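These notes concern the structure reproduced below.
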Amino acid sequence: MPGQQTQTVSLFIQCLVDVMYPEVGVAMLKIFRKLGIPVDCPTNQTCCGQPAYNSGYRQQARTAARKFIEIFEHKEVIVCPSGSCVTTVRHHYPDLLSDEPDWHRRAETVSGKTFELTQYLVDVLGIDDLGARYSGKLTYHDSCHALRALGLQEQPRRLISNVTGAELVEMNDSDRCCGFGGSFAIKYPDISTAMAKDKVDNIIATGANAVVGVDISCLMNIQGLLNRKKSPVKILHIAELLAG
Amino acid sequence: MAEIRTEHYKSEARKAIKDRTLQGALADVQDRLGKGTAKAYRELPEGPGLRLKAHEIRMQAVENLDILLETLAENVRENGGKVIFAEDAAAAVTECLEIARRHEVRTVVKGKSMVTEEIGLNEALTAAGMEVTETDLGEYIIQLAGESPSHIIAPAIHKTRQQVGRLFAEKLGIPYTEDPPTLTQAARKALREKFLAADMGISGCNLACAETGHITTVSNEGNIRMATTLPRVHVAFMGMERVVARLEDHDILFRLLARGAAAQHMAGYISYIGGPRQPGHADGPDAFYLIIIDNGRSRILADEDFREMLCCIRCAACLNVCPVYGKIGGHSYGYPYSGPVGAVVTPLLVGIDRAKHLFMGETLCGACKDACPVDIDIPRMLLALRARLVEGDRRWNTPPGNLVEKSAYTAWSLAIRNRSLYDGLRWLSAQAQQLMTARDGMIHRLPFPFSGWTRSRDMKPLARKTFMQHWKEMQKE
Ligand code: SF4
């Protein structure tokens, strides 16, 4: 029962959500309020360091990791609306700090209590129906890190299929990368675009009104192409759907 | 050495993306070979966990390579074969030329082998006046066309049957047809003559076995069996990592290899070759040579971060699922090894700096790791290569990376430690972005270095208020 849940959830807000898509964070807040779960949000947080880590800048990523750990290590549970940021904290922080025993231990502590939103709802709280409503067809894009590093495939789908009025239509190759890849999208735009085009074609082919995802970075990439194509299909972060 | 064209990754990729025929072929090969892999692993009697066991077997072999190679060499010699260790590509090629001279070889037939592509063997043999024929159908096609392989196990996927029809009409003198069985028959007939006339057969080695002293080759066409038994001399090439300790390890690895490579239960032909013909044997070569090639592998072995790559059995499963390979094809990688395996192996063989596009130009999606029959953590190594490029590494003759970019990341790491500074910078960018935002509320054009994004995509501008601002306001309510 959600009522038995007394742990305070600390919001770990992905930097892209913070500065570009704050509505996703607001939606997440609504979800926890609806569930009666106490929430706090350290407002001095910024970025988990994933961009530096993925580009090979480990020193700089370590700086970000240490800062993140200092902010979050005493929190009860940390929940984030991004599969790839959670992957950074859960899988890469301990590696990144493996040469510094004290930091390594602290990294392990933080990584053990950091969860992606749908992972927390379904796997930890055992909730797969939030009483949300939507009217129309939806399709779901599997973000790579959520799917392969965190094993989130069924969880988001269960949440979506329990949204009243929503019809989930699977796209072709939903588990194929959308071509975002961080700085890859900027440094290798031709390859990135070619991949994104396939993704967008697969989305459009479902006839869905919106594509749902658990990672705003992929959705931002998809939105960029949809908008350029003047397609009416919208992007929808799963938090926004579940808060509806 | 094979020609190194890794610098042209971006332009070759662009070319490939525009090539409609190639795009169709790539989608087709990934559909055919890649889609069934996961299911094939799940259906293994031992379950998909067998991949982890295979990883362990390979890792153990890699960690005991010195002992295994000695044992292998001893046992091959016992079986009547000769073993040669070659430090680099040039040495391997020279040894082969010397063997050819000694046995008065004029014509050579080859089974498919990536390592001979790596050392540039065909060119050297041809330059020495020998006639070399590739006998794998795909390899034969691209050899006739004067091209290089675009996929590790399906080298000619970039060619349509119409192209093959025209090629065969021109080179084999048959009437034009685009009927695959007729084309295959024509190749078969031409190749049969080559097999019967050849003085030397050359093969690779999918895996050697230390305890028995034999090598194993795998094919779906049976051509390797012909190439290694009909000619007088058989020369097998192997990368020095391609060995395991026990015969029973082969069973696990080949079952996985077939599933990874083509979602098959087992490849069509698996040959265990244990040396030259023994007295009383009906066939087999008079002489058998095994050339074991280092060519940079010792350096990979010595580096803890990359040693795992030596577990690779070149099955191409990672190519069949890679979304980047699926768009840019094999030639973009600028070296015989393409796809995810190429993105790690090639920089380690030809230079981290020189081949940096291969590991930078990937999205880290992780599909390769899940598809790999020996569960190699390619994404981890792509990240490790990126870190080496940034930090530089003398062992790899890699100077520290781009200073401008480094300063940018350092400045960023300072800004994210200080929320007020971060907010200030965000505010400035938001102001600048307001000027760029179009009427539909999206940005259609961004300046360098972000221009790559808006060439094909729009972008949402920074929000007026950050989430943190929203949060603070909501707390006050
Ligand atoms: S990395 Fe794995 S999947 Fe790729 S070729 Fe090597 S063994 Fe096969």
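Ordering of the structure tokens sets the chain letters (A, B, ...); residue numbers start at 1 within each chain; ligands are numbered from 1 in the order shown.
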Check: which chain A residues lie within 6 Å of chain B using only C-alpha atoms, as a list in words: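 Residues satisfying the distance criterion: Asp18, Val19, Met20, Pro22, Thr43, Asn44, Thr46, Gly56, Gln60, Cys144, Gly181, Ile186, Pro189, Gly224, Leu225 and Arg228 of chain A.
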Requested write-out: N, CA, C and O atoms of the selected residues, as an mmCIF file, in the first residue's frame:
data_model
loop_
_atom_site.group_PDB
_atom_site.id
_atom_site.type_symbol
_atom_site.label_atom_id
_atom_site.label_comp_id
_atom_site.auth_asym_id
_atom_site.auth_seq_id
_atom_site.Cartn_x
_atom_site.Cartn_y
_atom_site.Cartn_z
ATOM 1 N N ASP A 18 15.192 20.558 -15.698
ATOM 2 C CA ASP A 18 15.279 21.784 -14.904
ATOM 3 C C ASP A 18 15.207 23.034 -15.784
ATOM 4 O O ASP A 18 14.396 23.918 -15.542
ATOM 5 N N VAL A 19 16.025 23.070 -16.818
ATOM 6 C CA VAL A 19 16.118 24.328 -17.571
ATOM 7 C C VAL A 19 15.283 24.375 -18.851
ATOM 8 O O VAL A 19 15.003 25.455 -19.362
ATOM 9 N N MET A 20 14.879 23.225 -19.381
ATOM 10 C CA MET A 20 14.119 23.262 -20.631
ATOM 11 C C MET A 20 12.696 22.726 -20.501
ATOM 12 O O MET A 20 11.784 23.212 -21.152
ATOM 13 N N PRO A 22 10.691 22.162 -17.427
ATOM 14 C CA PRO A 22 10.350 22.121 -15.996
ATOM 15 C C PRO A 22 8.993 21.475 -15.752
ATOM 16 O O PRO A 22 8.744 20.934 -14.678
ATOM 17 N N THR A 43 17.669 22.433 -3.876
ATOM 18 C CA THR A 43 17.669 23.375 -4.997
ATOM 19 C C THR A 43 19.075 23.782 -5.433
ATOM 20 O O THR A 43 19.229 24.553 -6.373
ATOM 21 N N ASN A 44 20.090 23.264 -4.747
ATOM 22 C CA ASN A 44 21.449 23.568 -5.217
ATOM 23 C C ASN A 44 21.977 22.510 -6.187
ATOM 24 O O ASN A 44 23.115 22.557 -6.620
ATOM 25 N N THR A 46 22.476 20.562 -9.772
ATOM 26 C CA THR A 46 22.568 21.085 -11.144
ATOM 27 C C THR A 46 22.542 19.951 -12.167
ATOM 28 O O THR A 46 21.530 19.713 -12.815
ATOM 29 N N GLY A 56 34.257 11.525 -22.198
ATOM 30 C CA GLY A 56 35.612 11.149 -21.812
ATOM 31 C C GLY A 56 36.255 12.073 -20.792
ATOM 32 O O GLY A 56 37.408 11.879 -20.421
ATOM 33 N N GLN A 60 36.317 16.000 -14.857
ATOM 34 C CA GLN A 60 35.196 16.922 -14.719
ATOM 35 C C GLN A 60 33.938 16.182 -14.246
ATOM 36 O O GLN A 60 33.167 16.722 -13.446
ATOM 37 N N CYS A 144 17.419 3.944 -24.400
ATOM 38 C CA CYS A 144 18.431 2.884 -24.317
ATOM 39 C C CYS A 144 18.864 2.555 -22.896
ATOM 40 O O CYS A 144 18.947 1.395 -22.528
ATOM 41 N N GLY A 181 22.213 10.378 -28.192
ATOM 42 C CA GLY A 181 23.623 10.153 -27.831
ATOM 43 C C GLY A 181 24.387 11.364 -27.335
ATOM 44 O O GLY A 181 25.603 11.441 -27.509
ATOM 45 N N ILE A 186 25.307 16.435 -32.001
ATOM 46 C CA ILE A 186 25.834 17.689 -32.534
ATOM 47 C C ILE A 186 27.085 17.444 -33.364
ATOM 48 O O ILE A 186 27.297 18.061 -34.396
ATOM 49 N N PRO A 189 25.917 14.952 -36.803
ATOM 50 C CA PRO A 189 24.507 15.229 -37.062
ATOM 51 C C PRO A 189 23.904 14.377 -38.180
ATOM 52 O O PRO A 189 22.720 14.046 -38.110
ATOM 53 N N GLY A 224 12.407 17.497 -31.931
ATOM 54 C CA GLY A 224 13.107 18.366 -32.869
ATOM 55 C C GLY A 224 12.785 18.014 -34.308
ATOM 56 O O GLY A 224 12.556 18.878 -35.156
ATOM 57 N N LEU A 225 12.748 16.712 -34.571
ATOM 58 C CA LEU A 225 12.489 16.263 -35.935
ATOM 59 C C LEU A 225 11.005 16.339 -36.281
ATOM 60 O O LEU A 225 10.629 16.737 -37.384
ATOM 61 N N ARG A 228 10.214 19.895 -37.033
ATOM 62 C CA ARG A 228 10.746 20.316 -38.328
ATOM 63 C C ARG A 228 9.885 19.767 -39.462
ATOM 64 O O ARG A 228 9.682 20.398 -40.494
#
Contacts with ligand 1 at most 7 Å, only C-alpha atoms and all ligand atoms counted, listed as an MDAnalysis selection string: chainID B and resid 260 311:319 340:341 368 371:376 378
Taking the DSSP assignment computed from this structure's backbone, write out as a short mmCIF file (atom, residue, chain, number, x, y, z; two decimals) with C-alpha atoms, in the first residue's frame all residues of region 37-105 of chain A that belong to strand (DSSP E or B).
data_model
loop_
_atom_site.label_atom_id
_atom_site.label_comp_id
_atom_site.auth_asym_id
_atom_site.auth_seq_id
_atom_site.Cartn_x
_atom_site.Cartn_y
_atom_site.Cartn_z
CA VAL A 39 8.80 15.20 -1.30
CA ASP A 40 11.78 17.47 -1.01
CA VAL A 77 15.40 7.92 -1.45
CA ILE A 78 16.27 9.74 -4.66
CA VAL A 79 13.96 9.67 -7.67
CA CYS A 80 14.67 11.06 -11.12
#
Atomic distance CA of Leu253 (chain B) - CA of Met309 (chain B), expressed in Å with one decimal: 15.8 Å
Distance query region 167-174 of chain A at most 9 Å, only C-alpha atoms, self and fewer than 6 positions along chain excluded, as a ChimeraX atom specification: /A:134-143,157,160-161,199,202-208
Would you mind exporting the chosen residues as a short mmCIF file (atom, residue, chain, number, x, y, z; two decimals), in the first residue's frame, restricted to all heavy atoms?
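So the final result, stored in again.cif, reads:
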data_model
loop_
_atom_site.label_atom_id
_atom_site.label_comp_id
_atom_site.auth_asym_id
_atom_site.auth_seq_id
_atom_site.Cartn_x
_atom_site.Cartn_y
_atom_site.Cartn_z
N TYR A 134 -6.26 10.07 -20.19
CA TYR A 134 -5.74 10.66 -21.44
C TYR A 134 -6.70 10.21 -22.51
O TYR A 134 -7.22 9.10 -22.45
CB TYR A 134 -4.34 10.13 -21.73
CG TYR A 134 -3.73 10.67 -23.02
CD1 TYR A 134 -3.03 11.87 -23.02
CD2 TYR A 134 -3.88 9.98 -24.22
CE1 TYR A 134 -2.48 12.37 -24.20
CE2 TYR A 134 -3.34 10.47 -25.40
CZ TYR A 134 -2.63 11.66 -25.37
OH TYR A 134 -2.09 12.15 -26.53
N SER A 135 -6.93 11.04 -23.51
CA SER A 135 -7.79 10.48 -24.53
C SER A 135 -7.04 10.45 -25.85
O SER A 135 -6.62 11.48 -26.36
CB SER A 135 -9.11 11.27 -24.57
OG SER A 135 -9.19 12.00 -25.71
N GLY A 136 -6.79 9.26 -26.33
CA GLY A 136 -6.11 9.10 -27.61
C GLY A 136 -5.14 7.94 -27.63
O GLY A 136 -5.01 7.18 -26.67
N LYS A 137 -4.46 7.82 -28.78
CA LYS A 137 -3.51 6.74 -28.99
C LYS A 137 -2.12 7.20 -28.58
O LYS A 137 -1.70 8.30 -28.93
CB LYS A 137 -3.47 6.43 -30.48
CG LYS A 137 -4.33 5.28 -30.92
CD LYS A 137 -3.85 4.86 -32.30
CE LYS A 137 -4.99 4.31 -33.12
NZ LYS A 137 -4.58 4.05 -34.51
N LEU A 138 -1.41 6.30 -27.91
CA LEU A 138 -0.04 6.61 -27.51
C LEU A 138 0.89 5.51 -28.00
O LEU A 138 0.48 4.35 -28.14
CB LEU A 138 0.05 6.67 -25.98
CG LEU A 138 -0.76 7.75 -25.27
CD1 LEU A 138 -0.74 7.52 -23.78
CD2 LEU A 138 -0.19 9.13 -25.62
N THR A 139 2.15 5.89 -28.23
CA THR A 139 3.13 4.86 -28.50
C THR A 139 4.30 5.11 -27.56
O THR A 139 4.48 6.22 -27.07
CB THR A 139 3.55 4.83 -29.98
OG1 THR A 139 4.36 3.68 -30.21
CG2 THR A 139 4.33 6.08 -30.39
N TYR A 140 5.07 4.06 -27.29
CA TYR A 140 6.14 4.19 -26.29
C TYR A 140 7.50 3.95 -26.92
O TYR A 140 7.72 2.96 -27.62
CB TYR A 140 5.91 3.20 -25.14
CG TYR A 140 7.01 3.25 -24.10
CD1 TYR A 140 7.09 4.32 -23.21
CD2 TYR A 140 7.98 2.25 -24.02
CE1 TYR A 140 8.11 4.39 -22.26
CE2 TYR A 140 9.00 2.31 -23.08
CZ TYR A 140 9.06 3.39 -22.21
OH TYR A 140 10.07 3.46 -21.29
N HIS A 141 8.43 4.88 -26.65
CA HIS A 141 9.82 4.72 -27.11
C HIS A 141 10.67 4.23 -25.96
O HIS A 141 10.71 4.86 -24.90
CB HIS A 141 10.35 6.05 -27.66
CG HIS A 141 11.85 6.10 -27.74
ND1 HIS A 141 12.56 5.27 -28.59
CD2 HIS A 141 12.78 6.84 -27.08
CE1 HIS A 141 13.87 5.52 -28.44
NE2 HIS A 141 14.02 6.46 -27.53
N ASP A 142 11.38 3.12 -26.16
CA ASP A 142 12.29 2.62 -25.12
C ASP A 142 13.60 3.38 -25.19
O ASP A 142 14.35 3.24 -26.15
CB ASP A 142 12.60 1.13 -25.38
CG ASP A 142 11.45 0.24 -24.98
OD1 ASP A 142 11.28 0.03 -23.77
OD2 ASP A 142 10.73 -0.25 -25.88
N SER A 143 13.89 4.15 -24.16
CA SER A 143 15.19 4.82 -24.11
C SER A 143 16.25 3.80 -23.76
O SER A 143 16.02 2.91 -22.95
CB SER A 143 15.16 5.93 -23.06
OG SER A 143 14.41 7.01 -23.56
N ARG A 157 5.25 0.45 -19.54
CA ARG A 157 4.11 0.00 -20.35
C ARG A 157 2.90 -0.32 -19.47
O ARG A 157 1.77 -0.07 -19.83
CB ARG A 157 4.50 -1.22 -21.19
CG ARG A 157 5.39 -0.84 -22.36
CD ARG A 157 5.75 -2.05 -23.21
NE ARG A 157 6.38 -1.64 -24.45
CZ ARG A 157 7.65 -1.31 -24.59
NH1 ARG A 157 8.46 -1.34 -23.55
NH2 ARG A 157 8.14 -0.93 -25.77
N ILE A 160 1.35 2.94 -18.49
CA ILE A 160 0.63 3.57 -19.60
C ILE A 160 -0.69 2.85 -19.87
O ILE A 160 -1.73 3.47 -20.05
CB ILE A 160 1.48 3.58 -20.90
CG1 ILE A 160 2.76 4.40 -20.68
CG2 ILE A 160 0.68 4.15 -22.07
CD1 ILE A 160 3.76 4.29 -21.80
N SER A 161 -0.64 1.51 -19.85
CA SER A 161 -1.88 0.82 -20.20
C SER A 161 -2.97 0.99 -19.13
O SER A 161 -4.13 0.80 -19.42
CB SER A 161 -1.67 -0.65 -20.56
OG SER A 161 -0.56 -1.15 -19.89
N LYS A 199 13.28 6.56 -36.41
CA LYS A 199 12.47 6.54 -35.20
C LYS A 199 11.16 7.28 -35.43
O LYS A 199 10.08 6.77 -35.14
CB LYS A 199 13.29 7.16 -34.06
CG LYS A 199 12.62 7.27 -32.72
CD LYS A 199 12.08 5.95 -32.19
CE LYS A 199 13.14 4.98 -31.77
NZ LYS A 199 12.63 3.71 -31.24
N ASN A 202 8.76 5.47 -37.63
CA ASN A 202 8.09 4.39 -36.89
C ASN A 202 7.01 4.93 -35.96
O ASN A 202 5.98 4.29 -35.76
CB ASN A 202 9.10 3.58 -36.08
CG ASN A 202 9.91 2.63 -36.97
OD1 ASN A 202 9.41 2.17 -37.99
ND2 ASN A 202 11.14 2.37 -36.59
N ILE A 203 7.26 6.08 -35.38
CA ILE A 203 6.27 6.69 -34.48
C ILE A 203 5.04 7.10 -35.28
O ILE A 203 3.90 6.77 -34.92
CB ILE A 203 6.87 7.93 -33.76
CG1 ILE A 203 7.96 7.49 -32.79
CG2 ILE A 203 5.78 8.73 -33.04
CD1 ILE A 203 8.78 8.62 -32.22
N ILE A 204 5.29 7.79 -36.37
CA ILE A 204 4.17 8.30 -37.17
C ILE A 204 3.33 7.15 -37.72
O ILE A 204 2.10 7.22 -37.77
CB ILE A 204 4.70 9.23 -38.29
CG1 ILE A 204 5.28 10.50 -37.64
CG2 ILE A 204 3.60 9.58 -39.29
CD1 ILE A 204 5.93 11.47 -38.59
N ALA A 205 4.01 6.06 -38.09
CA ALA A 205 3.29 4.92 -38.66
C ALA A 205 2.27 4.30 -37.70
O ALA A 205 1.34 3.64 -38.13
CB ALA A 205 4.29 3.85 -39.11
N THR A 206 2.43 4.52 -36.41
CA THR A 206 1.47 3.94 -35.46
C THR A 206 0.16 4.71 -35.44
O THR A 206 -0.84 4.23 -34.93
CB THR A 206 2.01 3.96 -34.02
OG1 THR A 206 2.21 5.34 -33.63
CG2 THR A 206 3.30 3.20 -33.87
N GLY A 207 0.19 5.94 -35.95
CA GLY A 207 -1.00 6.77 -35.90
C GLY A 207 -1.27 7.33 -34.51
O GLY A 207 -2.37 7.82 -34.22
N ALA A 208 -0.26 7.28 -33.63
CA ALA A 208 -0.45 7.78 -32.27
C ALA A 208 -0.51 9.31 -32.23
O ALA A 208 0.05 9.98 -33.10
CB ALA A 208 0.69 7.29 -31.38
#
All alpha helix (DSSP H) positions in region 99-157 of chain A, as a ChimeraX atom specification: /A:101-112,117-118,144,154-157
Write a file of the just-selected residues containing N, CA, C and O atoms, as a JSON list (two decimals), in the first residue's frame.
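Produced file part-v1.json, reproduced below:
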[["chain", "number", "residue", "atom", "x", "y", "z"],
["A", 101, "PRO", "N", 38.72, 5.37, -1.95],
["A", 101, "PRO", "CA", 37.87, 4.48, -1.14],
["A", 101, "PRO", "C", 36.72, 5.20, -0.43],
["A", 101, "PRO", "O", 35.59, 4.70, -0.44],
["A", 102, "ASP", "N", 36.99, 6.36, 0.14],
["A", 102, "ASP", "CA", 35.93, 7.04, 0.88],
["A", 102, "ASP", "C", 34.81, 7.49, -0.06],
["A", 102, "ASP", "O", 33.63, 7.22, 0.17],
["A", 103, "TRP", "N", 35.21, 8.13, -1.15],
["A", 103, "TRP", "CA", 34.21, 8.57, -2.13],
["A", 103, "TRP", "C", 33.48, 7.40, -2.76],
["A", 103, "TRP", "O", 32.30, 7.45, -3.06],
["A", 104, "HIS", "N", 34.22, 6.33, -2.97],
["A", 104, "HIS", "CA", 33.63, 5.16, -3.59],
["A", 104, "HIS", "C", 32.49, 4.63, -2.71],
["A", 104, "HIS", "O", 31.40, 4.33, -3.18],
["A", 105, "ARG", "N", 32.77, 4.55, -1.42],
["A", 105, "ARG", "CA", 31.76, 4.06, -0.48],
["A", 105, "ARG", "C", 30.54, 4.98, -0.50],
["A", 105, "ARG", "O", 29.40, 4.53, -0.54],
["A", 106, "ARG", "N", 30.81, 6.27, -0.51],
["A", 106, "ARG", "CA", 29.69, 7.22, -0.53],
["A", 106, "ARG", "C", 28.91, 7.11, -1.84],
["A", 106, "ARG", "O", 27.68, 7.21, -1.86],
["A", 107, "ALA", "N", 29.63, 6.89, -2.92],
["A", 107, "ALA", "CA", 28.96, 6.72, -4.23],
["A", 107, "ALA", "C", 28.04, 5.50, -4.20],
["A", 107, "ALA", "O", 26.92, 5.54, -4.71],
["A", 108, "GLU", "N", 28.53, 4.43, -3.59],
["A", 108, "GLU", "CA", 27.71, 3.21, -3.51],
["A", 108, "GLU", "C", 26.44, 3.46, -2.70],
["A", 108, "GLU", "O", 25.36, 2.97, -3.06],
["A", 109, "THR", "N", 26.59, 4.21, -1.64],
["A", 109, "THR", "CA", 25.42, 4.53, -0.81],
["A", 109, "THR", "C", 24.38, 5.27, -1.62],
["A", 109, "THR", "O", 23.19, 4.92, -1.62],
["A", 110, "VAL", "N", 24.82, 6.28, -2.34],
["A", 110, "VAL", "CA", 23.88, 7.07, -3.13],
["A", 110, "VAL", "C", 23.29, 6.24, -4.26],
["A", 110, "VAL", "O", 22.08, 6.28, -4.52],
["A", 111, "SER", "N", 24.13, 5.45, -4.93],
["A", 111, "SER", "CA", 23.63, 4.73, -6.10],
["A", 111, "SER", "C", 22.57, 3.71, -5.68],
["A", 111, "SER", "O", 21.61, 3.47, -6.41],
["A", 112, "GLY", "N", 22.71, 3.14, -4.50],
["A", 112, "GLY", "CA", 21.75, 2.14, -4.04],
["A", 112, "GLY", "C", 20.36, 2.69, -3.77],
["A", 112, "GLY", "O", 19.39, 1.93, -3.71],
["A", 117, "LEU", "N", 11.87, 7.19, -12.15],
["A", 117, "LEU", "CA", 10.47, 7.35, -11.71],
["A", 117, "LEU", "C", 9.61, 6.09, -11.85],
["A", 117, "LEU", "O", 8.99, 5.64, -10.88],
["A", 118, "THR", "N", 9.58, 5.50, -13.05],
["A", 118, "THR", "CA", 8.68, 4.34, -13.23],
["A", 118, "THR", "C", 9.20, 3.13, -12.46],
["A", 118, "THR", "O", 8.44, 2.30, -11.97],
["A", 144, "CYS", "N", 17.42, 3.94, -24.40],
["A", 144, "CYS", "CA", 18.43, 2.88, -24.32],
["A", 144, "CYS", "C", 18.86, 2.55, -22.90],
["A", 144, "CYS", "O", 18.95, 1.39, -22.53],
["A", 154, "GLU", "N", 8.81, -3.35, -19.09],
["A", 154, "GLU", "CA", 7.45, -3.66, -18.78],
["A", 154, "GLU", "C", 6.85, -2.56, -17.88],
["A", 154, "GLU", "O", 5.67, -2.22, -18.02],
["A", 155, "GLN", "N", 7.65, -2.01, -16.97],
["A", 155, "GLN", "CA", 7.15, -1.05, -15.98],
["A", 155, "GLN", "C", 6.43, 0.14, -16.60],
["A", 155, "GLN", "O", 5.27, 0.40, -16.27],
["A", 156, "PRO", "N", 7.10, 0.87, -17.51],
["A", 156, "PRO", "CA", 6.41, 2.02, -18.10],
["A", 156, "PRO", "C", 5.17, 1.60, -18.89],
["A", 156, "PRO", "O", 4.15, 2.29, -18.89],
["A", 157, "ARG", "N", 5.25, 0.45, -19.54],
["A", 157, "ARG", "CA", 4.11, 0.00, -20.35],
["A", 157, "ARG", "C", 2.90, -0.32, -19.47],
["A", 157, "ARG", "O", 1.77, -0.07, -19.83]]
Selection: 10 Å around region 230-238 of chain B, only C-alpha atoms, excl. self and same-chain fewer than 6 positions, as number ranges by chain: B: 81-86, 92, 96, 99-100, 103, 105, 107-111, 113-116, 194-208, 215, 217, 273, 275-277, 283-294
d(CA of Gly182 (chain A), CA of Tyr335 (chain B)) in Å: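 Going from CA of Gly182 (chain A) over to CA of Tyr335 (chain B), I get 25.8 Å.
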